[in-house]
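Student: One file is attached below, work29.cif, containing mmCIF, C-alpha atoms.
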data_input
#
loop_
_atom_site.group_PDB
_atom_site.id
_atom_site.type_symbol
_atom_site.label_atom_id
_atom_site.label_comp_id
_atom_site.auth_asym_id
_atom_site.auth_seq_id
_atom_site.Cartn_x
_atom_site.Cartn_y
_atom_site.Cartn_z
ATOM 1 C CA MET A 116 -26.214 13.204 21.575
ATOM 2 C CA PHE A 117 -25.741 16.564 19.818
ATOM 3 C CA ARG A 118 -23.940 17.944 22.876
ATOM 4 C CA HIS A 119 -21.536 15.002 22.681
ATOM 5 C CA ARG A 120 -20.951 15.717 18.987
ATOM 6 C CA ARG A 121 -20.298 19.384 19.676
ATOM 7 C CA ARG A 122 -17.786 18.466 22.374
ATOM 8 C CA ALA A 123 -16.074 15.970 20.056
ATOM 9 C CA PHE A 124 -15.915 18.565 17.267
ATOM 10 C CA ALA A 125 -14.500 21.189 19.623
ATOM 11 C CA GLY A 126 -11.871 18.727 20.834
ATOM 12 C CA ALA A 127 -10.899 17.827 17.290
ATOM 13 C CA LEU A 128 -10.685 21.496 16.316
ATOM 14 C CA PHE A 129 -8.448 22.171 19.326
ATOM 15 C CA LEU A 130 -6.066 19.393 18.290
ATOM 16 C CA VAL A 131 -5.915 20.708 14.718
ATOM 17 C CA LEU A 132 -5.091 24.206 15.907
ATOM 18 C CA VAL A 133 -2.472 23.001 18.368
ATOM 19 C CA PHE A 134 -0.635 20.790 15.948
ATOM 20 C CA GLN A 135 -0.606 23.451 13.245
ATOM 21 C CA SER A 136 1.223 25.810 15.598
ATOM 22 C CA PRO A 137 4.907 26.457 14.796
ATOM 23 C CA ALA A 138 5.665 25.165 18.305
ATOM 24 C CA PHE A 139 5.106 21.660 16.955
ATOM 25 C CA ALA A 140 6.351 19.868 13.853
ATOM 26 C CA ALA A 141 5.147 21.773 10.821
ATOM 27 C CA THR A 142 2.853 19.830 8.503
ATOM 28 C CA GLY A 143 3.345 21.979 5.404
ATOM 29 C CA LEU A 144 6.610 22.640 3.606
ATOM 30 C CA PRO A 145 7.678 26.296 3.323
ATOM 31 C CA ASN A 146 7.470 28.405 0.184
ATOM 32 C CA SER A 147 10.694 30.260 1.016
ATOM 33 C CA ILE A 148 13.829 29.951 3.138
ATOM 34 C CA ALA A 149 16.440 32.326 4.550
ATOM 35 C CA ALA A 150 19.757 31.404 6.136
ATOM 36 C CA THR A 151 21.423 33.421 8.872
ATOM 37 C CA GLY A 152 24.820 32.895 10.428
ATOM 38 C CA ASP A 153 28.511 33.159 9.661
ATOM 39 C CA SER A 154 31.130 31.731 7.294
ATOM 40 C CA ILE A 155 29.961 28.148 7.806
ATOM 41 C CA THR A 156 26.585 28.991 6.292
ATOM 42 C CA ARG A 157 28.350 30.945 3.535
ATOM 43 C CA ALA A 158 30.268 27.716 2.754
ATOM 44 C CA TYR A 159 33.518 29.633 2.972
ATOM 45 C CA ASN A 160 36.505 27.995 1.265
ATOM 46 C CA THR A 161 34.500 25.308 -0.531
ATOM 47 C CA GLY A 162 34.423 26.890 -3.993
ATOM 48 C CA PHE A 163 36.848 27.097 -6.900
ATOM 49 C CA TRP A 164 38.467 30.275 -5.597
ATOM 50 C CA PRO A 165 40.168 29.792 -2.234
ATOM 51 C CA PHE A 166 39.390 31.947 0.786
ATOM 52 C CA THR A 167 36.093 33.194 -0.592
ATOM 53 C CA ASP A 168 32.427 32.500 0.127
ATOM 54 C CA ASN A 169 30.658 29.848 -1.916
ATOM 55 C CA PRO A 170 26.952 30.100 -0.997
ATOM 56 C CA ALA A 171 26.063 27.464 -3.589
ATOM 57 C CA GLY A 172 27.724 24.948 -1.247
ATOM 58 C CA SER A 173 25.801 25.994 1.853
ATOM 59 C CA TRP A 174 24.150 23.339 4.018
ATOM 60 C CA SER A 175 21.087 25.594 4.332
ATOM 61 C CA THR A 176 20.254 27.325 1.056
ATOM 62 C CA GLY A 177 22.878 25.938 -1.331
ATOM 63 C CA THR A 178 22.302 24.397 -4.750
ATOM 64 C CA THR A 179 25.268 22.004 -4.926
ATOM 65 C CA SER A 180 23.714 18.564 -5.378
ATOM 66 C CA SER A 181 26.336 16.691 -3.347
ATOM 67 C CA VAL A 182 25.552 18.804 -0.285
ATOM 68 C CA ASN A 183 21.780 18.297 -0.578
ATOM 69 C CA SER A 184 20.940 21.396 1.443
ATOM 70 C CA HIS A 185 17.718 22.055 3.322
ATOM 71 C CA TYR A 186 16.589 24.089 0.314
ATOM 72 C CA LEU A 187 17.172 21.214 -2.110
ATOM 73 C CA ARG A 188 15.461 18.731 0.214
ATOM 74 C CA ILE A 189 12.402 20.960 0.366
ATOM 75 C CA LEU A 190 12.505 21.664 -3.381
ATOM 76 C CA ALA A 191 12.415 17.930 -4.147
ATOM 77 C CA ARG A 192 9.075 17.679 -2.346
ATOM 78 C CA HIS A 193 7.722 21.196 -2.826
ATOM 79 C CA PRO A 194 8.580 22.914 -6.135
ATOM 80 C CA ALA A 195 6.910 26.162 -5.029
ATOM 81 C CA ILE A 196 10.078 27.104 -3.138
ATOM 82 C CA ARG A 197 12.178 27.212 -6.317
ATOM 83 C CA GLY A 198 14.247 30.393 -6.510
ATOM 84 C CA ARG A 199 13.086 31.639 -3.124
ATOM 85 C CA ALA A 200 16.186 30.950 -1.057
ATOM 86 C CA TYR A 201 18.131 33.774 0.591
ATOM 87 C CA ASN A 202 21.527 33.465 2.221
ATOM 88 C CA ASP A 203 21.798 36.402 4.619
ATOM 89 C CA ALA A 204 24.718 34.975 6.609
ATOM 90 C CA LYS A 205 27.993 36.891 6.659
ATOM 91 C CA SER A 206 31.501 35.551 7.084
ATOM 92 C CA GLY A 207 33.025 36.759 10.328
ATOM 93 C CA ALA A 208 29.658 37.438 11.957
ATOM 94 C CA LEU A 209 29.154 37.109 15.707
ATOM 95 C CA MET A 210 25.935 36.713 17.650
ATOM 96 C CA ARG A 211 25.706 40.490 18.011
ATOM 97 C CA ASP A 212 25.228 40.623 14.207
ATOM 98 C CA LEU A 213 22.267 38.247 14.120
ATOM 99 C CA ASN A 214 19.697 40.941 14.861
ATOM 100 C CA GLY A 215 20.700 42.852 11.738
ATOM 101 C CA GLN A 216 20.458 39.684 9.663
ATOM 102 C CA MET A 217 17.007 38.965 11.093
ATOM 103 C CA ALA A 218 15.894 42.493 10.194
ATOM 104 C CA THR A 219 16.851 41.704 6.598
ATOM 105 C CA VAL A 220 14.976 38.392 6.751
ATOM 106 C CA VAL A 221 11.823 40.205 7.872
ATOM 107 C CA THR A 222 11.847 42.222 4.627
ATOM 108 C CA GLN A 223 12.120 39.002 2.605
ATOM 109 C CA LYS A 224 8.884 37.612 4.100
ATOM 110 C CA VAL A 225 10.059 34.001 4.254
ATOM 111 C CA ASP A 226 8.428 30.991 5.895
ATOM 112 C CA TYR A 227 11.530 29.200 7.186
ATOM 113 C CA ILE A 228 14.711 30.579 8.739
ATOM 114 C CA THR A 229 17.837 28.674 9.732
ATOM 115 C CA VAL A 230 20.259 29.969 12.355
ATOM 116 C CA LEU A 231 23.830 28.757 12.823
ATOM 117 C CA MET A 232 25.643 31.434 14.779
ATOM 118 C CA GLY A 233 28.156 31.531 17.617
ATOM 119 C CA GLY A 234 31.253 29.851 16.252
ATOM 120 C CA ASN A 235 33.074 33.167 16.080
ATOM 121 C CA ASP A 236 31.981 34.039 19.611
ATOM 122 C CA VAL A 237 33.935 30.952 20.715
ATOM 123 C CA CYS A 238 36.785 31.098 18.215
ATOM 124 C CA GLN A 239 38.611 34.240 19.222
ATOM 125 C CA PRO A 240 42.359 34.927 19.289
ATOM 126 C CA SER A 241 42.349 34.448 23.067
ATOM 127 C CA VAL A 242 40.114 33.174 25.847
ATOM 128 C CA GLY A 243 39.626 36.688 27.167
ATOM 129 C CA GLN A 244 38.152 37.827 23.844
ATOM 130 C CA MET A 245 35.353 35.262 23.782
ATOM 131 C CA THR A 246 31.837 36.671 24.119
ATOM 132 C CA ALA A 247 30.379 36.567 27.626
ATOM 133 C CA VAL A 248 27.523 34.070 27.982
ATOM 134 C CA ALA A 249 25.123 36.713 29.338
ATOM 135 C CA ASP A 250 25.824 38.984 26.358
ATOM 136 C CA PHE A 251 25.428 36.089 23.940
ATOM 137 C CA ARG A 252 22.043 35.203 25.446
ATOM 138 C CA THR A 253 20.800 38.808 25.288
ATOM 139 C CA GLN A 254 21.954 39.222 21.693
ATOM 140 C CA PHE A 255 20.206 36.034 20.600
ATOM 141 C CA ASP A 256 17.018 36.973 22.417
ATOM 142 C CA THR A 257 17.004 40.380 20.721
ATOM 143 C CA ALA A 258 17.312 38.712 17.311
ATOM 144 C CA MET A 259 14.517 36.269 18.141
ATOM 145 C CA ARG A 260 12.228 39.108 19.157
ATOM 146 C CA THR A 261 12.951 40.848 15.866
ATOM 147 C CA ILE A 262 12.091 37.837 13.719
ATOM 148 C CA THR A 263 9.089 36.631 15.707
ATOM 149 C CA THR A 264 7.604 40.115 15.750
ATOM 150 C CA GLY A 265 8.316 40.850 12.096
ATOM 151 C CA SER A 266 7.539 37.346 10.758
ATOM 152 C CA PRO A 267 5.208 35.795 13.340
ATOM 153 C CA ASN A 268 4.239 32.813 11.181
ATOM 154 C CA ALA A 269 7.741 31.752 10.165
ATOM 155 C CA ASN A 270 9.470 28.668 11.555
ATOM 156 C CA VAL A 271 12.947 29.302 12.992
ATOM 157 C CA PHE A 272 15.363 26.381 13.227
ATOM 158 C CA VAL A 273 18.391 26.965 15.447
ATOM 159 C CA LEU A 274 21.443 24.737 15.141
ATOM 160 C CA SER A 275 23.896 24.195 17.966
ATOM 161 C CA ILE A 276 27.449 25.464 17.598
ATOM 162 C CA PRO A 277 29.864 22.736 16.442
ATOM 163 C CA ASP A 278 32.310 21.317 18.981
ATOM 164 C CA VAL A 279 35.587 23.041 18.165
ATOM 165 C CA TYR A 280 37.321 20.749 20.658
ATOM 166 C CA ASN A 281 36.509 17.905 18.266
ATOM 167 C CA LEU A 282 38.284 19.823 15.483
ATOM 168 C CA TRP A 283 41.399 20.097 17.645
ATOM 169 C CA LEU A 284 41.184 16.424 18.556
ATOM 170 C CA VAL A 285 40.864 15.269 14.949
ATOM 171 C CA LEU A 286 43.549 17.480 13.422
ATOM 172 C CA LYS A 287 46.113 18.202 16.145
ATOM 173 C CA GLY A 288 48.306 15.421 14.784
ATOM 174 C CA ASN A 289 48.350 16.936 11.290
ATOM 175 C CA SER A 290 51.483 19.056 10.866
ATOM 176 C CA ILE A 291 50.004 21.071 7.969
ATOM 177 C CA ALA A 292 46.908 21.875 10.019
ATOM 178 C CA ARG A 293 49.056 23.023 12.918
ATOM 179 C CA PHE A 294 51.099 25.230 10.584
ATOM 180 C CA ILE A 295 47.984 26.827 9.047
ATOM 181 C CA TRP A 296 46.370 27.389 12.455
ATOM 182 C CA ALA A 297 49.437 29.261 13.656
ATOM 183 C CA LEU A 298 50.042 31.144 10.399
ATOM 184 C CA GLY A 299 46.428 32.269 10.079
ATOM 185 C CA ASN A 300 45.870 32.857 13.800
ATOM 186 C CA VAL A 301 42.938 30.452 13.548
ATOM 187 C CA CYS A 302 40.786 30.071 16.664
ATOM 188 C CA GLN A 303 43.748 30.405 18.964
ATOM 189 C CA ALA A 304 41.536 30.352 22.057
ATOM 190 C CA MET A 305 41.271 26.617 21.349
ATOM 191 C CA LEU A 306 43.963 25.804 18.780
ATOM 192 C CA ALA A 307 47.046 27.524 20.206
ATOM 193 C CA ASN A 308 49.865 25.151 21.189
ATOM 194 C CA PRO A 309 47.925 22.203 19.792
ATOM 195 C CA LEU A 310 50.404 19.498 20.882
ATOM 196 C CA SER A 311 50.976 20.880 24.363
ATOM 197 C CA THR A 312 49.994 18.731 27.327
ATOM 198 C CA ALA A 313 50.881 21.433 29.845
ATOM 199 C CA GLN A 314 48.137 21.830 32.413
ATOM 200 C CA ALA A 315 47.547 25.449 31.440
ATOM 201 C CA ASP A 316 46.820 24.421 27.849
ATOM 202 C CA VAL A 317 44.676 21.471 28.899
ATOM 203 C CA ASP A 318 42.664 23.782 31.163
ATOM 204 C CA ARG A 319 42.354 26.417 28.446
ATOM 205 C CA ARG A 320 40.889 23.929 25.980
ATOM 206 C CA ALA A 321 38.437 22.678 28.592
ATOM 207 C CA PHE A 322 37.408 26.249 29.397
ATOM 208 C CA VAL A 323 36.782 27.079 25.739
ATOM 209 C CA ARG A 324 34.764 23.900 25.228
ATOM 210 C CA GLN A 325 32.668 24.756 28.268
ATOM 211 C CA ARG A 326 31.965 28.186 26.794
ATOM 212 C CA ASP A 327 30.793 26.451 23.628
ATOM 213 C CA ILE A 328 28.509 24.252 25.747
ATOM 214 C CA ASP A 329 27.209 27.255 27.687
ATOM 215 C CA PHE A 330 26.427 29.097 24.452
ATOM 216 C CA ASN A 331 24.439 26.101 23.241
ATOM 217 C CA GLY A 332 22.589 26.054 26.529
ATOM 218 C CA ALA A 333 21.659 29.700 26.006
ATOM 219 C CA LEU A 334 20.454 28.946 22.466
ATOM 220 C CA ALA A 335 18.264 26.109 23.741
ATOM 221 C CA ASP A 336 16.816 28.146 26.599
ATOM 222 C CA VAL A 337 16.008 31.264 24.588
ATOM 223 C CA CYS A 338 14.605 29.233 21.692
ATOM 224 C CA SER A 339 12.282 27.352 24.067
ATOM 225 C CA ARG A 340 10.627 30.663 24.985
ATOM 226 C CA TYR A 341 9.363 31.230 21.443
ATOM 227 C CA SER A 342 6.669 29.018 19.935
ATOM 228 C CA GLN A 343 8.068 29.631 16.433
ATOM 229 C CA CYS A 344 11.530 28.293 17.345
ATOM 230 C CA ARG A 345 13.037 24.814 17.337
ATOM 231 C CA PHE A 346 16.520 23.922 18.618
ATOM 232 C CA ASP A 347 18.425 20.951 17.238
ATOM 233 C CA GLY A 348 18.949 19.368 20.671
ATOM 234 C CA ASN A 349 22.731 19.705 20.293
ATOM 235 C CA ALA A 350 22.724 17.446 17.234
ATOM 236 C CA VAL A 351 25.392 19.510 15.456
ATOM 237 C CA PHE A 352 27.526 19.883 18.581
ATOM 238 C CA ASN A 353 27.426 16.100 19.062
ATOM 239 C CA THR A 354 28.318 15.352 15.429
ATOM 240 C CA THR A 355 31.791 13.907 15.031
ATOM 241 C CA PHE A 356 33.447 15.510 12.033
ATOM 242 C CA THR A 357 36.316 13.638 10.378
ATOM 243 C CA VAL A 358 39.391 14.856 8.492
ATOM 244 C CA SER A 359 37.553 14.676 5.159
ATOM 245 C CA ASP A 360 34.814 16.940 6.523
ATOM 246 C CA VAL A 361 37.259 19.830 7.002
ATOM 247 C CA SER A 362 38.711 22.163 4.361
ATOM 248 C CA THR A 363 42.347 21.473 3.471
ATOM 249 C CA ARG A 364 42.772 25.181 2.718
ATOM 250 C CA ASP A 365 42.333 26.446 6.264
ATOM 251 C CA TYR A 366 41.806 23.236 8.291
ATOM 252 C CA PHE A 367 38.935 24.950 10.061
ATOM 253 C CA HIS A 368 35.837 25.388 7.909
ATOM 254 C CA PRO A 369 33.704 22.461 6.689
ATOM 255 C CA SER A 370 34.534 21.029 3.294
ATOM 256 C CA LEU A 371 31.683 20.177 0.937
ATOM 257 C CA SER A 372 31.614 16.794 2.657
ATOM 258 C CA GLY A 373 31.298 18.592 5.982
ATOM 259 C CA GLN A 374 28.527 20.797 4.593
ATOM 260 C CA ALA A 375 26.683 17.675 3.449
ATOM 261 C CA LYS A 376 27.043 16.100 6.879
ATOM 262 C CA LEU A 377 25.774 19.304 8.481
ATOM 263 C CA ALA A 378 22.779 19.392 6.138
ATOM 264 C CA ALA A 379 21.867 15.753 6.707
ATOM 265 C CA GLY A 380 22.323 15.753 10.461
ATOM 266 C CA SER A 381 20.379 18.947 11.059
ATOM 267 C CA TRP A 382 17.592 18.011 8.646
ATOM 268 C CA THR A 383 16.933 14.814 10.573
ATOM 269 C CA VAL A 384 16.057 16.716 13.745
ATOM 270 C CA GLY A 385 14.354 19.646 12.010
ATOM 271 C CA TYR A 386 10.744 20.426 11.156
ATOM 272 C CA TRP A 387 10.345 18.071 8.199
ATOM 273 C CA GLY A 388 13.022 15.396 8.606
ATOM 274 C CA PRO A 389 14.177 12.777 8.255
#
Can the structure in the file be given as structure tokens, please?

Tutor:
Amino acid sequence: MFRHRRRAFAGALFLVLVFQSPAFAATGLPNSIAATGDSITRAYNTGFWPFTDNPAGSWSTGTTSSVNSHYLRILARHPAIRGRAYNDAKSGALMRDLNGQMATVVTQKVDYITVLMGGNDVCQPSVGQMTAVADFRTQFDTAMRTITTGSPNANVFVLSIPDVYNLWLVLKGNSIARFIWALGNVCQAMLANPLSTAQADVDRRAFVRQRDIDFNGALADVCSRYSQCRFDGNAVFNTTFTVSDVSTRDYFHPSLSGQAKLAAGSWTVGYWGP
């Protein structure tokens, strides 16, 4: 009888240890959070001053109530996180910059890290300037090794890159958007000649979208190799953003409505959602 009890206890202990691992859904809310990424995570162009960062509006660590960021969602259930949110993202960053951001995160000793990076690797002035998939994968893996070595108990949540083809589809009929895209040289790999139905332009858009998809595949694959990492299953890529979700200053970055949609959609498939 005692042998049976010992076996039952050992089995129960094994299950407790397994399900407390970061490889599975975390049971405890974090005491701190850090955001990594680019201008989306900096909530660029959502504040009072145009063409500037507005980290208060960030989907990840922001404090704007209408966005209801990951930080605010955690704070509502776990007050210990108050004031311990770090936005280490940088506008204009590419995947090659993530390792440096992760090195900063390591010094902050946080429990939860969000990653939304790769939009600028897709959105280049031309197709030829997009980051190669192999380089993208290596750069992401290097960053993951940095954070998992330096912060082995932290949970890393990786979001897929939004579908820039959807942005073109939603706004190509807007004459102001087309003017701003051309004037600002915005993501011309995808957004050049937005009304053209010439085969070369159709093929170019398809090629860029496939690169976006391939990048997300690399994110999923690399993330799956680390027990501390969770990928969003392409939830962000599959999100359909509407006109109101996009800034009317540059017709490219998410508006506060878009930031809120990003926060809600990613939270649902994250460690502690819905």

Student: Mind giving me the straight-line distance from CA of Thr357 in chain A to CA of Leu284 in chain A in Å, one decimal?

Tutor: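 Computed distance, CA of Thr357 in chain A to CA of Leu284 in chain A, equals 9.9 Å.
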
Student: Mind giving me the straight-line distance from CA of Leu274 in chain A to CA of Ser147 in chain A in Å, one decimal?

Tutor: 18.6 Å

Student: Would you mind telling me which residue in A:Ser339, A:Asn169, A:Gln303, A:Asn270 lies nearest to Gln239 in chain A when using all atoms listed in the file?

Tutor: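 Nearest candidate to Gln239 in chain A out of A:Ser339, A:Asn169, A:Gln303, A:Asn270: A:Gln303.
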
Student: Check which residues satisfy the PyMOL selection byres ((chain A and resi 324-332) around 8) in the file shown, then give them as a ChimeraX atom specification.

Tutor: /A:233,237,248,251-252,275-276,278-280,320-323,333-336,349

Student: Could you dump the residues just selected with C-alpha atoms as a PDB file, keeping the file's coordinate frame?

Tutor:
ATOM      1  CA  GLY A 233      28.156  31.531  17.617  1.00  0.00           C
ATOM      2  CA  VAL A 237      33.935  30.952  20.715  1.00  0.00           C
ATOM      3  CA  VAL A 248      27.523  34.070  27.982  1.00  0.00           C
ATOM      4  CA  PHE A 251      25.428  36.089  23.940  1.00  0.00           C
ATOM      5  CA  ARG A 252      22.043  35.203  25.446  1.00  0.00           C
ATOM      6  CA  SER A 275      23.896  24.195  17.966  1.00  0.00           C
ATOM      7  CA  ILE A 276      27.449  25.464  17.598  1.00  0.00           C
ATOM      8  CA  ASP A 278      32.310  21.317  18.981  1.00  0.00           C
ATOM      9  CA  VAL A 279      35.587  23.041  18.165  1.00  0.00           C
ATOM     10  CA  TYR A 280      37.321  20.749  20.658  1.00  0.00           C
ATOM     11  CA  ARG A 320      40.889  23.929  25.980  1.00  0.00           C
ATOM     12  CA  ALA A 321      38.437  22.678  28.592  1.00  0.00           C
ATOM     13  CA  PHE A 322      37.408  26.249  29.397  1.00  0.00           C
ATOM     14  CA  VAL A 323      36.782  27.079  25.739  1.00  0.00           C
ATOM     15  CA  ALA A 333      21.659  29.700  26.006  1.00  0.00           C
ATOM     16  CA  LEU A 334      20.454  28.946  22.466  1.00  0.00           C
ATOM     17  CA  ALA A 335      18.264  26.109  23.741  1.00  0.00           C
ATOM     18  CA  ASP A 336      16.816  28.146  26.599  1.00  0.00           C
ATOM     19  CA  ASN A 349      22.731  19.705  20.293  1.00  0.00           C
TER      20      ASN A 349
END

Student: Find the nearest atom pair between each residue of range 187-285 of chain A and range 361-385 of chain A for residues within 12 Å, count all atoms listed in the file, give distances in Å to one decimal, sort rows by chain and ascending number, and present the table as a tab-separated table.

Tutor:
residue	atom	partner	partner_atom	distance
A:Leu187	CA	A:Ala378	CA	10.1
A:Arg188	CA	A:Trp382	CA	8.7
A:Ile189	CA	A:Trp382	CA	10.2
A:Ser206	CA	A:His368	CA	11.1
A:Gly207	CA	A:His368	CA	12.0
A:Tyr227	CA	A:Gly385	CA	11.1
A:Ile228	CA	A:Gly385	CA	11.4
A:Thr229	CA	A:Gly385	CA	9.9
A:Val230	CA	A:Ser381	CA	11.1
A:Leu231	CA	A:Ser381	CA	10.5
A:Gly234	CA	A:His368	CA	10.5
A:Asn235	CA	A:His368	CA	11.6
A:Cys238	CA	A:Phe367	CA	10.4
A:Asn270	CA	A:Gly385	CA	10.3
A:Val271	CA	A:Gly385	CA	9.8
A:Phe272	CA	A:Gly385	CA	6.9
A:Val273	CA	A:Gly385	CA	9.0
A:Leu274	CA	A:Ser381	CA	7.2
A:Ser275	CA	A:Ser381	CA	9.4
A:Ile276	CA	A:Leu377	CA	11.1
A:Pro277	CA	A:Leu377	CA	9.6
A:Asp278	CA	A:Phe367	CA	11.7
A:Val279	CA	A:Phe367	CA	9.0
A:Tyr280	CA	A:Phe367	CA	11.5
A:Asn281	CA	A:Phe367	CA	11.1
A:Leu282	CA	A:Phe367	CA	7.5
A:Trp283	CA	A:Phe367	CA	9.3
A:Val285	CA	A:Val361	CA	9.8

Student: May I have the residues from that selection written out with C-alpha atoms, as a PDB file, in the coordinates of the input?

Tutor:
ATOM      1  CA  LEU A 187      17.172  21.214  -2.110  1.00  0.00           C
ATOM      2  CA  ARG A 188      15.461  18.731   0.214  1.00  0.00           C
ATOM      3  CA  ILE A 189      12.402  20.960   0.366  1.00  0.00           C
ATOM      4  CA  SER A 206      31.501  35.551   7.084  1.00  0.00           C
ATOM      5  CA  GLY A 207      33.025  36.759  10.328  1.00  0.00           C
ATOM      6  CA  TYR A 227      11.530  29.200   7.186  1.00  0.00           C
ATOM      7  CA  ILE A 228      14.711  30.579   8.739  1.00  0.00           C
ATOM      8  CA  THR A 229      17.837  28.674   9.732  1.00  0.00           C
ATOM      9  CA  VAL A 230      20.259  29.969  12.355  1.00  0.00           C
ATOM     10  CA  LEU A 231      23.830  28.757  12.823  1.00  0.00           C
ATOM     11  CA  GLY A 234      31.253  29.851  16.252  1.00  0.00           C
ATOM     12  CA  ASN A 235      33.074  33.167  16.080  1.00  0.00           C
ATOM     13  CA  CYS A 238      36.785  31.098  18.215  1.00  0.00           C
ATOM     14  CA  ASN A 270       9.470  28.668  11.555  1.00  0.00           C
ATOM     15  CA  VAL A 271      12.947  29.302  12.992  1.00  0.00           C
ATOM     16  CA  PHE A 272      15.363  26.381  13.227  1.00  0.00           C
ATOM     17  CA  VAL A 273      18.391  26.965  15.447  1.00  0.00           C
ATOM     18  CA  LEU A 274      21.443  24.737  15.141  1.00  0.00           C
ATOM     19  CA  SER A 275      23.896  24.195  17.966  1.00  0.00           C
ATOM     20  CA  ILE A 276      27.449  25.464  17.598  1.00  0.00           C
ATOM     21  CA  PRO A 277      29.864  22.736  16.442  1.00  0.00           C
ATOM     22  CA  ASP A 278      32.310  21.317  18.981  1.00  0.00           C
ATOM     23  CA  VAL A 279      35.587  23.041  18.165  1.00  0.00           C
ATOM     24  CA  TYR A 280      37.321  20.749  20.658  1.00  0.00           C
ATOM     25  CA  ASN A 281      36.509  17.905  18.266  1.00  0.00           C
ATOM     26  CA  LEU A 282      38.284  19.823  15.483  1.00  0.00           C
ATOM     27  CA  TRP A 283      41.399  20.097  17.645  1.00  0.00           C
ATOM     28  CA  VAL A 285      40.864  15.269  14.949  1.00  0.00           C
TER      29      VAL A 285
END

Student: How far is it from CA of Asp226 in chain A to CA of Ser181 in chain A, in Å with one decimal?

Tutor: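 Here the two named atoms are 24.7 Å from each other.
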
Student: My list of candidates is A:Ile262, A:Val220, A:Cys344, A:Leu209. Which is closest to Ser154 in chain A when distances are computed with only C-alpha atoms?

Tutor: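 Result for the nearest residue to Ser154 in chain A: A:Leu209.
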
Student: Could you tell me which of A:Met259, A:Val242, A:Met210, A:Ala292 comes closest to Asp318 in chain A if we count only C-alpha atoms?

Tutor: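 Of A:Met259, A:Val242, A:Met210, A:Ala292, the one nearest Asp318 in chain A, counting only C-alpha atoms, is A:Val242.
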
Student: Pick the closest to Gly288 in chain A from A:Leu306, A:Leu144, A:Val301, A:Ala247: which is it, counting only C-alpha atoms?

Tutor: A:Leu306

Student: Tell me which of A:Gly388, A:Gly152, A:Pro309, A:Gly162 sits closest to Asn202 in chain A, counting only C-alpha atoms.

Tutor: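 The answer is A:Gly152, which sits nearest to Asn202 in chain A.
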